[in-house]
Amino acid sequence: MDILPDETPLFRYIEGIMREEAEKYGYGEIRTPTFENTELFVRGVGDTTDVVQKEMYTFADRDENRSISLRPEGTASVARAIIENGKCSDPMPLKYYYIISCFRHEKPQAGRSREFFQFGTEMFGSESPAADATAIALAASVLSRLGLRSVKLHLNSIGCRECRPRYREALVKHFEGERSCLCDTCRDRLAKNPLRLLDCKVEACHSIAVRAPKTVDHLCESCSSKFDMLCRSLDAMGIDYVIDPAIVRGLDYYTGAVFEFIAEGIGAQSTVCGGGRYDGLVKSLGGPELSGIGFGMGITRLILAMREAGTDKVEVVKPELYIASLGERAAVEALAISERLRRAGHTVECDIVGRSLKAQMKYANKIGARYTLIIGDSEIDAGRAQMRNMETGEQSEVELLSFTL
Ligand code: ATP
Ligand code: MG
């Protein structure tokens with residue numbers, strides 16, 4: 001994806017807030033490779049998920065008959081990294097964040113592209129709902145600082161290994177009754193991973209899914225009391241939410257609390273952030289039993305939501321001074337003055353194209369220079385020139401060798 005200089009200031013502004021907030025909550029930045037062994041995502045994301053089955057960019061490597069994939073998400077890589085780097089025996093919790101591009105072979109549309117940017121966080125080593133509440137609070141505070149007050153938090157619990165089988169049974173019973181109306185993929189999912197049916201975007205399946213039994217009605221005692229404590233913690237922290245049984249998340253590794261932040265008014269791709277608890281992931285990748293909670297926030301979708309909310313205007317840095325020059329001697333002098341001022345910390349441009357004076361002034365206007373200075377042979381001989389404030393039209397004389405801004 002191309003992001004040109006007229007858009008990068010907005011990306012940098014958003015990313016700056018993400019870094020600041022993550023660090024306030026004690027998360028440190030982690031960087032992992034853009035591609036990994038395909039096996040990592042098959043195991044870590046789940047081989048019955050859309051992401052792995054349909055969306056992953058997978059290639060044969062040049063050697064070793066190895067299959068590699070561009071990362072479709074960030075969590076599996078971070079889990080691998082903590083195992084490989086021996087972090088699992090460090091004091092808990094481990095808290096990491098990242099701002100990365102991810103790759104999924106999907107149908108491009110507003111809010112959905114094949115390369116997209118994501119802010120993600122992962123916390124390992126706490127099973128307490130206090131950890132869930134902290135991760136959610138971090139996501140909420142980023143959204144709030146970006147001015148997205150109409151983004152709603154939807155919360156659910158999909159249970160653990162204890163309660164999942166009972167729920168699974170109820171779910172299979174529900175969908176079996178309407179098997180003939182399901183899409184081919186869902187019929188296949190019914191045997192392999194029935195939870196996935198709740199997430200299907202096909203209208204017929206969706207209408208059966210909304211009537212399906214709810215996970216929150218099938219939680220074991222431990223999941224139920226954890227979910228209750230999470231809700232109480234969010235209440236105490238002043239974070240609004242709705243309990244939404246339709247939130248099940250698209251990836252296989254989730255257990256317990258799951259959530260999405262959904263923006264109104266940005267079209268069909270309205271989930272700006274999705275996350276949850278993934279207590280089985282680290283173990284399934286060959287590490288110790290270590291619980292986890294994290295989320296991913298799509299930066300392009302945030303921008304759509306910010307546009308809708310009118311909070312997407314950020315200031316673009318404009319030059320403080322543009323030096324126009326007449327003739328070769330002045331062109332060299334303009335370079336020297338520019339360099340002297342830049343070394344003193346100022347934003348300065350001068351003519352490096354060889355334009356006519358008129359064209360130079362037009363250009364200075366276009367780039368929004370605050371001041372302009374025009375120099376020719378006579379100004380250099382006198383050691384002085386007129387500096388013009390482009391907004392007020394005021395002129396003042398400056399000493400070429402020593403003036404500052
Ligand atoms: P969706 O249901 O919208 O496909 P997902 O469940 O596949 O989302 P996650 O894997 O949870 O998405 O990714 C986290 C976030 O990354 C999403 O909430 C969304 O904001 C963003 N995201 C996911 N896929 C894309 C994409 N193809 N283009 C842009 N942003 C995306
Ligand atoms: Mg998706």
# chains A, B, ... in the order shown; residues from 1 in each chain; ligands from 1
call {"tool": "residues_near_ligand", "arguments": {"ligand": "ligand 2", "cutoff": "10 Å", "atoms": "only C-alpha atoms and all ligand atoms", "output": "NGL selection string"}}
result
:A and (49-51 or 55 or 72 or 104-106 or 112 or 199 or 249-251 or 269 or 271)
call {"tool": "residues_around", "arguments": {"residues": "Val348 (chain A)", "least_positions_apart": "5", "cutoff": "7 Å", "atoms": "only C-alpha atoms", "output": "MDAnalysis selection string"}}
result
chainID A and resid 319:322 338 342
call {"tool": "write_last_selection", "arguments": {"atoms": "N, CA, C and O atoms", "output": "CSV table (one decimal), in the first residue's frame"}}
result
chain,number,residue,atom,x,y,z
A,319,PRO,N,7.6,24.8,5.5
A,319,PRO,CA,8.9,25.5,5.7
A,319,PRO,C,8.7,26.9,6.3
A,319,PRO,O,7.8,27.6,6.1
A,320,GLU,N,9.7,27.2,7.2
A,320,GLU,CA,9.6,28.5,7.8
A,320,GLU,C,10.1,29.6,6.9
A,320,GLU,O,9.7,30.7,6.9
A,321,LEU,N,11.1,29.1,6.0
A,321,LEU,CA,11.7,30.1,5.1
A,321,LEU,C,11.9,29.5,3.7
A,321,LEU,O,12.3,28.3,3.6
A,322,TYR,N,11.6,30.3,2.7
A,322,TYR,CA,12.0,29.9,1.3
A,322,TYR,C,12.9,30.9,0.8
A,322,TYR,O,12.6,32.1,0.8
A,338,SER,N,20.7,28.4,3.7
A,338,SER,CA,19.7,27.3,4.1
A,338,SER,C,20.4,26.3,5.0
A,338,SER,O,19.8,26.0,6.0
A,342,ARG,N,19.3,25.4,8.8
A,342,ARG,CA,18.9,24.0,9.1
A,342,ARG,C,19.7,23.5,10.2
A,342,ARG,O,19.1,22.8,11.1
call {"tool": "residues_near_ligand", "arguments": {"ligand": "ligand 1", "cutoff": "9 Å", "atoms": "only C-alpha atoms and all ligand atoms", "output": "JSON, numbers by chain"}}
result
{"A": [50, 51, 72, 73, 74, 102, 103, 104, 105, 106, 107, 108, 109, 110, 111, 112, 113, 114, 115, 116, 117, 118, 119, 120, 199, 201, 249, 250, 251, 260, 261, 262, 268, 269, 270, 271, 272, 273, 274, 275, 295, 296, 297, 298, 299, 300, 301, 302]}
call {"tool": "residues_around", "arguments": {"residues": "Asp61 (chain A)", "least_positions_apart": "3", "cutoff": "12 Å", "atoms": "only C-alpha atoms", "output": "PyMOL selection string"}}
result
chain A and resi 35-38+58+64-70
call {"tool": "write_last_selection", "arguments": {"atoms": "N, CA, C and O atoms", "output": "compact mmCIF listing (two decimals), in the first residue's frame"}}
result
# COMPACT_ATOMS: atom_id res chain seq x y z
N PHE A 35 7.69 -12.12 7.49
CA PHE A 35 7.16 -13.45 7.16
C PHE A 35 7.71 -14.49 8.13
O PHE A 35 8.73 -14.29 8.78
N GLU A 36 6.99 -15.59 8.21
CA GLU A 36 7.33 -16.66 9.15
C GLU A 36 7.09 -17.99 8.44
O GLU A 36 6.47 -18.04 7.37
N ASN A 37 7.54 -19.08 9.04
CA ASN A 37 7.18 -20.39 8.54
C ASN A 37 5.66 -20.50 8.52
O ASN A 37 4.99 -20.12 9.50
N THR A 38 5.12 -21.01 7.43
CA THR A 38 3.65 -21.12 7.30
C THR A 38 3.05 -21.87 8.48
O THR A 38 1.98 -21.51 8.99
N THR A 58 1.06 -17.30 0.81
CA THR A 58 2.00 -18.37 1.12
C THR A 58 2.89 -18.66 -0.09
O THR A 58 2.41 -18.69 -1.21
N GLU A 64 15.27 -25.68 1.07
CA GLU A 64 14.75 -26.56 2.12
C GLU A 64 13.30 -26.96 1.97
O GLU A 64 12.67 -27.40 2.93
N ASN A 65 12.73 -26.77 0.78
CA ASN A 65 11.31 -27.08 0.60
C ASN A 65 10.44 -26.44 1.67
O ASN A 65 9.48 -27.01 2.15
N ARG A 66 10.85 -25.26 2.07
CA ARG A 66 10.17 -24.61 3.18
C ARG A 66 9.03 -23.75 2.66
O ARG A 66 9.17 -23.08 1.64
N SER A 67 7.92 -23.73 3.37
CA SER A 67 6.81 -22.87 3.00
C SER A 67 6.79 -21.68 3.95
O SER A 67 6.85 -21.84 5.16
N ILE A 68 6.73 -20.47 3.36
CA ILE A 68 6.69 -19.28 4.21
C ILE A 68 5.43 -18.46 3.91
O ILE A 68 4.88 -18.57 2.81
N SER A 69 4.99 -17.68 4.87
CA SER A 69 3.79 -16.85 4.67
C SER A 69 4.03 -15.44 5.20
O SER A 69 4.67 -15.26 6.23
N LEU A 70 3.48 -14.47 4.46
CA LEU A 70 3.48 -13.10 4.97
C LEU A 70 2.54 -13.08 6.17
O LEU A 70 1.49 -13.71 6.14
call {"tool": "residues_around", "arguments": {"residues": "Gly125 (chain A)", "least_positions_apart": "6", "cutoff": "7 Å", "atoms": "only C-alpha atoms", "output": "ChimeraX atom specification"}}
result
/A:92-94,290-292
call {"tool": "closest_residue", "arguments": {"among": "A:Leu400, A:Asn365, A:Ser233, A:Thr134", "to": "Ala382 (chain A)", "atoms": "only C-alpha atoms"}}
result
A:Leu400
